[in-house]
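Here the structure is laid out as structure tokens; the discussion comes afterwards.
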Amino acid sequence: MADFTVGDRDFLVDGRPVRLLSGALHYFRVHEEQWPHRLRMLRAMGLNCVETYVPWDLHEPAPGRYVDVEALGRFLDAAGEAGLWAIVRPGPYICAEWDNGGLPYWLTAAVGSRLRTGDPAYLGPVERWLRRLLPQVVARQIDRGGPVIMVQVENEYGSYGSDLPYLSTLAALLRNRGIEVPLFTSDGPEDHMLTGGSVPGVLATVNFGSGARAAFAKLREHRAGGPLMCMEFWCGWFDHWGAPPVVRDPADAADALREILECGASVNIYMAHGGTNFAGRAGANRAGALHEGALEPDVTSYDYGAPVDEAGRPTEKFWLFREILAGYGEGPLPEVPPAPPVLGDGPLRAELDGWAPLDEVIDGLGGPQTRTPMPPSFEELGVDRGLVRYRVTVPGPRRPYPLTLSGLRDLAVVQVDGVRAGVLREEDPVLAEPVAGPAVVEAWVESLGRVNYGPRTGEPKGITGGFLHERQYLHGVRARGLRLDAFDDAAAVAALPFRAPARPGARGLYRGAFDVTSPGDARLCLPGWTRGFVWVNGFCAGRYWAVGPQESLFVPGPVLRAGRNEVWVLELEGAGEGHVRLV
């Protein structure tokens with residue numbers, strides 16, 4: 001059995017110095033049938049290791065209800081078969097531009113600002129989760145014949161807090177549950193981050209996108225010994241809805257990688273292959289230096305400008321990185337595997353001639369309707385991803401007053417007496433036209449992704465204040481939530497009363513079909529559609545939004561099949577041309 005240890009200056013395998021050439025690839029952002037190809041791509045780029053986060057919310061959507069925790073074990077097995085070591089970052093918080101930073105919404109709703117601390121209300125669920133998860137890692141450690149060589153304690157904690165006993169408790173918990181490989185932390189190369197996020201006796205690493213010499217010098221001010229490693233070398237970046245795409249020049253990224261390696265350091269390329277935020281699981285940021293500003297929701301694609309693109313193909317950055325990494329590996333690099341098959345048919349068009357209005361969709365697939373004095377949050381209604389319909393009556397007679405959705409998070413389509421009155425965002429939650437009474441107001445509120453980084457992590461969604469008519473609260477709010485995973489029940493979707501659309505542009509659930517003869521990776525285009533979600537054969541490809549910069553959705557080849565393929569489009573604001581295209 002091999003033995004992986006952290007020496008005074010090097011990583012050691014059976015006492016032999018090794019340099020970790022790692023790349024991030026998140027198993028939950030790649031269709032499982034495509035894991036082997038993506039892992040072979042990492043090997044062909046010159047890497048000897050793969051790193052993955054573990055999203056707690058994906059695997060425990062409700063307290064004590066676990067979903068496919070074994071996926072991590074299957075991925076680690078696939079990594080070993082591809083000849084890669086593995087670094088596991090189990091959180092409990094992961095950031096990762098993932099909804100709520102991977103923390104379950106039901107937990108952050110209960111603990112509030114006590115999250116990521118040693119408070120027992122938070123640590124209790126953490127311990128139960130790790131007890132359930134860690135056997136997948138323990139059995140696959142390198143000294144037991146598996147690929148796992150290191151495990152992270154929390155994630156970039158120095159960017160968030162300073163509860164060092166909490167970090168020490170997590171490290172002890174990992175050890176007590178059977179983790180014997182080296183532990184590590186990762187933080188930005190700044191004094192407050194390294195002091196807030198490091199644990200005595202645990203390897204400290206740093207994260208950055210450039211300036212390796214300065215970053216490692218700062219790390220050495222805090223840790224005189226131990227291997228140097230950039231645990232996240234940001235070779236690209238992620239995009240936000242409504243903002244220009246972020247592009248990093250491949251040559252610039254290659255120069256930054258070369259500088260890391262010239263320092264004698266190990267590296268984890270973030271991301272080596274980004275993948276996709278399927279099923280509406282993308283997170284969001286808050287703007288501003290202190291991350292307290294406007295919400296900036298992340299797009300569905302997590303391509304990240306990675307050397308292996310969203311569809312698994314090598315980019316210019318791949319070839320530049322491969323040339324550099326070839327000088328630091330052992331032996332010749334493997335051949336680059338052929339790209340996965342793409343859709344063999346010409347562009348396919350699906351007429352969306354079946355339609356169910358949004359009211360009937362939420363009444364058929366949503367949770368129970370509630371009536372409370374003030375609007376309940378998404379969390380109170382048990383909605384992690386999706387939308388909530390709020391209804392309230394404006395008493396009358398009364399003259400027109402401004403109507404405000406106080407504490408709106410994140411976006412609302414508002415109707416007054418059944419007529420569209422406006423689309424509101426958190427930063428502008430007041431209807432343009434005052435509302436007179438009596439009237440019935442509906443606000444269809446959508447979560448655009450929970451904050452995954454900074455002090456606003458864990459904040460609730462929905463109308464978190466109330467309906468204000470001038471300065472008066474409107475009480476007696478009826479609410480019903482619709483979770484995205486309600487569409488996992490194909491029989492319930494089929495039972496909806498589909499018919500021809502009532503009018504062009506009507507909101508609701510549309511359905512149609514493609515006839516495919518040669519399945520393969522494809523992109524779904526939605527001409528003229530505004531904002532919503534798409535399913536192909538019951539697989540949620542994610543959110544689309546006309547504000548860009550993302551213009552189409554990636555559909556993995558294994559989702560398609562020869563013959564009839566059904567597509568559903570849930571349009572939340574204004575439908576497009578009545579069809580979608582698969583290209």
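Every chain in the structure tokens takes a letter, A first, then B, and so on in the order presented; its residues are numbered from 1, and the ligands are numbered from 1 following the presented order.
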
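Note that DSSP on the backbone gives helix (DSSP H, G or I) to these residues of range 280-522 of chain A: Gly280, Glu316, Lys317, Phe318, Trp319, Leu320, Phe321, Arg322, Glu323, Ile324, Leu325, Leu358, Asp359, Glu360, Val361, Ile362, Asp363, Gly364, Leu365, Leu484, Asp485, Ala486, Phe487, Asp488, Ala490, Ala491, Ala492, Val493 and Ala494 of chain A.
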
Closest pair table for range 282-382 of chain A residues within 6 Å of range 498-520 of chain A, only C-alpha atoms, as a Markdown table:
```
| residue | atom | partner | partner_atom | distance |
| --- | --- | --- | --- | --- |
| A:Pro341 | CA | A:Gly520 | CA | 5.0 |
| A:Val342 | CA | A:Gly520 | CA | 3.9 |
| A:Leu343 | CA | A:Gly520 | CA | 4.1 |
| A:Gly344 | CA | A:Ser518 | CA | 4.8 |
| A:Ala350 | CA | A:Ala513 | CA | 5.3 |
| A:Glu351 | CA | A:Gly512 | CA | 5.6 |
| A:Leu352 | CA | A:Gly512 | CA | 4.4 |
| A:Asp353 | CA | A:Ala500 | CA | 5.8 |
| A:Gly354 | CA | A:Arg511 | CA | 5.1 |
| A:Trp355 | CA | A:Tyr510 | CA | 4.5 |
| A:Ala356 | CA | A:Phe498 | CA | 4.8 |
| A:Pro357 | CA | A:Gly508 | CA | 4.4 |
| A:Leu358 | CA | A:Gly508 | CA | 4.2 |
```

Original post:
range 465-481 of chain A: which residues within 7 Å, counting only C-alpha atoms, same-chain residues fewer than 4 positions away excluded, as a list in words?
Top reply: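 Returned residues: Gly366, Gly367, Pro368, Gln369, Thr370, Arg371, Thr372, Pro373, Met374, Pro375, Leu381, Val383, Leu387, Val388, Arg389, Tyr390, Arg391, Val392, Val394, Tyr401, Pro402, Leu403, Thr404, Leu405, Ser406 and Gly407 of chain A.
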
Original post:
Just how far from CA of Leu84 in chain A is CA of Ile179 in chain A, in Å to one decimal?
Top reply: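 Distance reported for this atom pair: 19.1 Å.
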
Subject >> 12 Å contact set for Pro334 in chain A, only C-alpha atoms, chain neighbours under 6 positions out, as a PyMOL selection string >> reply: chain A and resi 39-48+82-83+322+326

Mind writing the picked residues with N, CA and C atoms as a compact mmCIF listing (two decimals), in the first residue's frame?
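Final output, saved to part-v5.txt:
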```txt
# COMPACT_ATOMS: atom_id res chain seq x y z
N LEU A 39 -12.00 12.66 -17.20
CA LEU A 39 -10.82 12.29 -16.41
C LEU A 39 -9.64 11.96 -17.31
N ARG A 40 -9.92 11.29 -18.44
CA ARG A 40 -8.83 11.01 -19.39
C ARG A 40 -8.30 12.30 -19.99
N MET A 41 -9.16 13.29 -20.16
CA MET A 41 -8.70 14.58 -20.67
C MET A 41 -7.72 15.23 -19.68
N LEU A 42 -8.00 15.10 -18.39
CA LEU A 42 -7.08 15.66 -17.39
C LEU A 42 -5.73 14.96 -17.46
N ARG A 43 -5.75 13.64 -17.58
CA ARG A 43 -4.49 12.91 -17.68
C ARG A 43 -3.72 13.35 -18.93
N ALA A 44 -4.45 13.52 -20.03
CA ALA A 44 -3.79 13.89 -21.28
C ALA A 44 -3.22 15.31 -21.22
N MET A 45 -3.78 16.16 -20.36
CA MET A 45 -3.25 17.51 -20.23
C MET A 45 -1.96 17.52 -19.42
N GLY A 46 -1.68 16.41 -18.73
CA GLY A 46 -0.44 16.33 -17.96
C GLY A 46 -0.66 16.33 -16.46
N LEU A 47 -1.90 16.10 -16.01
CA LEU A 47 -2.20 16.11 -14.58
C LEU A 47 -2.08 14.71 -14.00
N ASN A 48 -1.73 14.66 -12.70
CA ASN A 48 -1.66 13.37 -12.01
C ASN A 48 -2.69 13.25 -10.90
N ALA A 82 -8.65 5.98 -14.00
CA ALA A 82 -8.01 6.85 -14.98
C ALA A 82 -6.56 7.13 -14.65
N GLY A 83 -6.06 6.60 -13.53
CA GLY A 83 -4.67 6.80 -13.14
C GLY A 83 -4.41 8.11 -12.44
N ARG A 322 -0.78 21.85 -21.52
CA ARG A 322 -0.19 20.52 -21.76
C ARG A 322 1.30 20.65 -22.07
N ALA A 326 4.00 19.04 -19.44
CA ALA A 326 4.81 17.91 -19.92
C ALA A 326 6.22 17.95 -19.36
```

Mind running range 420-466 of chain A against range 114-119 of chain A at 12 Å and telling me each contacting residue's nearest atom pair with the distance in Å (one decimal), counting only C-alpha atoms, chain and number ascending, as a tab-separated table?
```
residue	atom	partner	partner_atom	distance
A:Gly454	CA	A:Arg116	CA	11.6
A:Pro455	CA	A:Leu115	CA	10.5
A:Arg456	CA	A:Leu115	CA	11.1
A:Thr457	CA	A:Leu115	CA	9.0
A:Gly458	CA	A:Leu115	CA	8.1
A:Glu459	CA	A:Leu115	CA	11.0
```

**OP:** Please provide the set of residues having any atom within 10 Å of Gly236 in chain A, restricted to only C-alpha atoms, with same-chain residues fewer than 5 positions apart removed, written as number ranges by chain.
**Re:** A: 209, 246-250, 253, 269-272, 274, 303-307, 317

Could you take the residues named above and write them with all heavy atoms, as a compact mmCIF listing (two decimals), in the first residue's frame?
```
# COMPACT_ATOMS: atom_id res chain seq x y z
N GLY A 209 -5.06 33.75 -8.84
CA GLY A 209 -5.05 33.61 -10.28
C GLY A 209 -3.78 34.07 -10.95
O GLY A 209 -3.53 33.77 -12.11
N VAL A 246 -16.74 36.94 -19.01
CA VAL A 246 -15.38 37.12 -18.51
C VAL A 246 -14.46 36.20 -19.31
O VAL A 246 -14.68 34.99 -19.37
CB VAL A 246 -15.29 36.80 -17.01
CG1 VAL A 246 -13.85 37.01 -16.52
CG2 VAL A 246 -16.26 37.67 -16.22
N VAL A 247 -13.44 36.76 -19.92
CA VAL A 247 -12.53 35.99 -20.76
C VAL A 247 -11.10 36.24 -20.29
O VAL A 247 -10.70 37.39 -20.09
CB VAL A 247 -12.67 36.38 -22.24
CG1 VAL A 247 -11.68 35.59 -23.10
CG2 VAL A 247 -14.09 36.15 -22.73
N ARG A 248 -10.32 35.16 -20.10
CA ARG A 248 -8.91 35.29 -19.77
C ARG A 248 -8.07 34.80 -20.93
O ARG A 248 -8.28 33.68 -21.43
CB ARG A 248 -8.55 34.51 -18.50
CG ARG A 248 -7.09 34.72 -18.12
CD ARG A 248 -6.73 34.18 -16.77
NE ARG A 248 -5.38 34.60 -16.39
CZ ARG A 248 -4.77 34.24 -15.26
NH1 ARG A 248 -5.40 33.48 -14.37
NH2 ARG A 248 -3.55 34.65 -15.00
N ASP A 249 -7.13 35.61 -21.32
CA ASP A 249 -6.25 35.26 -22.43
C ASP A 249 -5.49 33.97 -22.12
O ASP A 249 -4.87 33.85 -21.05
CB ASP A 249 -5.26 36.40 -22.67
CG ASP A 249 -4.29 36.07 -23.78
OD1 ASP A 249 -4.71 35.99 -24.94
OD2 ASP A 249 -3.09 35.85 -23.46
N PRO A 250 -5.53 32.97 -23.00
CA PRO A 250 -4.84 31.71 -22.74
C PRO A 250 -3.35 31.88 -22.46
O PRO A 250 -2.79 31.20 -21.57
CB PRO A 250 -5.08 30.90 -24.01
CG PRO A 250 -6.36 31.45 -24.56
CD PRO A 250 -6.31 32.91 -24.25
N ALA A 253 -2.85 33.09 -18.91
CA ALA A 253 -3.07 32.00 -17.94
C ALA A 253 -1.89 31.03 -17.95
O ALA A 253 -1.46 30.55 -16.89
CB ALA A 253 -4.37 31.27 -18.26
N ILE A 269 -5.44 23.22 -10.77
CA ILE A 269 -6.01 24.14 -11.76
C ILE A 269 -7.52 24.21 -11.56
O ILE A 269 -8.22 23.20 -11.64
CB ILE A 269 -5.68 23.67 -13.19
CG1 ILE A 269 -4.16 23.69 -13.41
CG2 ILE A 269 -6.39 24.53 -14.22
CD1 ILE A 269 -3.73 23.00 -14.69
N TYR A 270 -8.00 25.42 -11.28
CA TYR A 270 -9.43 25.62 -11.02
C TYR A 270 -9.97 26.55 -12.10
O TYR A 270 -9.62 27.72 -12.13
CB TYR A 270 -9.64 26.24 -9.64
CG TYR A 270 -11.08 26.20 -9.19
CD1 TYR A 270 -11.51 25.22 -8.30
CD2 TYR A 270 -12.00 27.12 -9.66
CE1 TYR A 270 -12.84 25.18 -7.89
CE2 TYR A 270 -13.31 27.06 -9.28
CZ TYR A 270 -13.74 26.09 -8.39
OH TYR A 270 -15.06 26.04 -8.00
N MET A 271 -10.78 26.05 -13.00
CA MET A 271 -11.20 24.68 -13.18
C MET A 271 -10.40 24.04 -14.32
O MET A 271 -10.11 24.71 -15.30
CB MET A 271 -12.69 24.62 -13.53
CG MET A 271 -13.63 25.18 -12.51
SD MET A 271 -13.74 24.14 -11.03
CE MET A 271 -14.44 22.61 -11.66
N ALA A 272 -10.12 22.74 -14.21
CA ALA A 272 -9.58 22.03 -15.36
C ALA A 272 -10.70 21.74 -16.35
O ALA A 272 -10.52 21.82 -17.56
CB ALA A 272 -8.90 20.74 -14.91
N GLY A 274 -14.97 22.69 -16.18
CA GLY A 274 -16.01 23.27 -15.33
C GLY A 274 -17.33 22.55 -15.35
O GLY A 274 -17.92 22.27 -14.32
N ASP A 303 -18.54 26.75 -17.68
CA ASP A 303 -17.38 26.53 -18.56
C ASP A 303 -16.11 27.10 -17.96
O ASP A 303 -15.03 26.50 -18.05
CB ASP A 303 -17.65 27.17 -19.92
CG ASP A 303 -16.49 27.02 -20.87
OD1 ASP A 303 -16.41 25.98 -21.53
OD2 ASP A 303 -15.65 27.94 -20.94
N TYR A 304 -16.21 28.30 -17.34
CA TYR A 304 -15.14 28.90 -16.54
C TYR A 304 -13.92 29.32 -17.35
O TYR A 304 -12.91 29.74 -16.80
CB TYR A 304 -14.71 27.92 -15.43
CG TYR A 304 -14.13 28.59 -14.20
CD1 TYR A 304 -14.96 28.99 -13.15
CD2 TYR A 304 -12.77 28.84 -14.07
CE1 TYR A 304 -14.44 29.61 -12.01
CE2 TYR A 304 -12.26 29.47 -12.95
CZ TYR A 304 -13.09 29.84 -11.93
OH TYR A 304 -12.57 30.46 -10.81
N GLY A 305 -14.01 29.20 -18.69
CA GLY A 305 -12.80 29.43 -19.47
C GLY A 305 -11.75 28.38 -19.19
O GLY A 305 -10.54 28.64 -19.27
N ALA A 306 -12.19 27.17 -18.86
CA ALA A 306 -11.29 26.09 -18.47
C ALA A 306 -10.58 25.51 -19.70
O ALA A 306 -11.07 25.64 -20.83
CB ALA A 306 -12.06 24.99 -17.75
N PRO A 307 -9.43 24.86 -19.50
CA PRO A 307 -8.73 24.25 -20.65
C PRO A 307 -9.55 23.15 -21.33
O PRO A 307 -9.39 22.93 -22.53
CB PRO A 307 -7.45 23.70 -20.03
CG PRO A 307 -7.66 23.71 -18.56
CD PRO A 307 -8.64 24.77 -18.26
N LYS A 317 -6.14 26.94 -24.41
CA LYS A 317 -5.55 26.90 -23.08
C LYS A 317 -5.09 25.48 -22.73
O LYS A 317 -4.05 25.29 -22.08
CB LYS A 317 -6.58 27.40 -22.05
CG LYS A 317 -6.02 27.92 -20.76
CD LYS A 317 -7.14 28.53 -19.91
CE LYS A 317 -7.62 29.85 -20.47
NZ LYS A 317 -8.67 30.48 -19.61
```

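Here the DSSP assignment of strand (DSSP E), based on backbone atoms, applies within range 250-289 of chain A to A:Ser266, A:Val267, A:Asn268, A:Ile269, A:Tyr270, A:Met271, A:Ala272, A:His273, A:Ala284, A:Asn285, A:Arg286.
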
Subject >> Given only C-alpha atoms as the counted atoms, nearest of A:Val69, A:Val6, A:Ala546, A:Val413 to Gly225 in chain A >> reply: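 Ranked by minimum distance to Gly225 in chain A, first place goes to A:Val6.
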
Could you name the residues that touch Gly382 in chain A at 10 Å or less, counting only C-alpha atoms, but leaving out those on the same chain fewer than 6 positions away, as a PDB file with C-alpha atoms, in the first residue's frame?
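And here's result.pdb as it stands now:
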```
ATOM      1  CA  ALA A  62     -34.240  17.473   3.525  1.00  0.00           C
ATOM      2  CA  TYR A 105     -31.285  25.759   2.691  1.00  0.00           C
ATOM      3  CA  TRP A 106     -33.118  24.089   5.571  1.00  0.00           C
ATOM      4  CA  GLY A 367     -46.954  22.398  -2.364  1.00  0.00           C
ATOM      5  CA  GLY A 481     -44.394  27.159  -3.674  1.00  0.00           C
ATOM      6  CA  LEU A 482     -43.212  25.203  -6.703  1.00  0.00           C
ATOM      7  CA  ARG A 483     -39.943  23.297  -6.347  1.00  0.00           C
TER       8      ARG A 483
END
```

Original post:
From the list A:Pro135, A:Tyr157, A:Ser22, A:Pro125, which residue is nearest Ala79 in chain A when using only C-alpha atoms?
Top reply: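 Selected residue with least distance to Ala79 in chain A: A:Ser22.
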
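Interatomic distance, CA of Leu170 in chain A against CA of Gly112 in chain A: 19.4 Å.
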
Original post:
Looking at A:Glu127, A:Glu551, A:Glu154, A:Glu577, which one is nearest to Leu173 in chain A, with distances taken over only C-alpha atoms?
Top reply: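 The answer is A:Glu127, which sits nearest to Leu173 in chain A.
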
Original post:
Which one is closest to Pro182 in chain A: A:Gly211, A:Pro558, A:Gly275, A:Gly201? Count only C-alpha atoms.
Top reply: A:Gly201

With 10 Å as the cut-off and only C-alpha atoms counted, what is the closest atom pair between each nearby residue of range 42-90 of chain A and range 136-150 of chain A? Distances in Å to one decimal, ordered by chain and number, as CSV.
```
residue,atom,partner,partner_atom,distance
A:Cys49,CA,A:Pro147,CA,8.7
A:Val50,CA,A:Pro147,CA,9.5
A:Glu51,CA,A:Met150,CA,9.4
A:Val69,CA,A:Gln136,CA,8.0
A:Glu70,CA,A:Gln136,CA,6.7
A:Ala71,CA,A:Gln136,CA,8.8
A:Leu72,CA,A:Gln136,CA,6.7
A:Gly73,CA,A:Gln136,CA,5.0
A:Arg74,CA,A:Gln136,CA,8.7
A:Leu76,CA,A:Pro147,CA,6.9
A:Asp77,CA,A:Gly146,CA,7.6
A:Ala78,CA,A:Pro147,CA,9.5
A:Ala79,CA,A:Pro147,CA,7.2
A:Gly80,CA,A:Pro147,CA,5.3
A:Glu81,CA,A:Pro147,CA,9.0
A:Gly83,CA,A:Pro147,CA,8.4
A:Leu84,CA,A:Pro147,CA,6.7
A:Trp85,CA,A:Pro147,CA,4.5
A:Ala86,CA,A:Val148,CA,4.6
A:Ile87,CA,A:Met150,CA,5.0
A:Val88,CA,A:Met150,CA,6.5
A:Arg89,CA,A:Met150,CA,8.6
A:Pro90,CA,A:Val137,CA,9.5
```

Subject >> Non-local contacts of range 218-223 of chain A (9 Å; only C-alpha atoms; under 5 positions in same chain excluded) as a count of residues only >> reply: 11

Subject >> Top pick for closest residue to Gly101 in chain A, considering A:Val299, A:Leu261, A:Leu58, A:Val30 and counting only C-alpha atoms >> reply: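 For Gly101 in chain A, the nearest of the candidates is A:Leu58.
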
Original post:
How many Å lie between CA of Trp535 in chain A and CA of Gln34 in chain A, rounded to one decimal?
Top reply: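 Between these atoms lies a distance of 18.9 Å.
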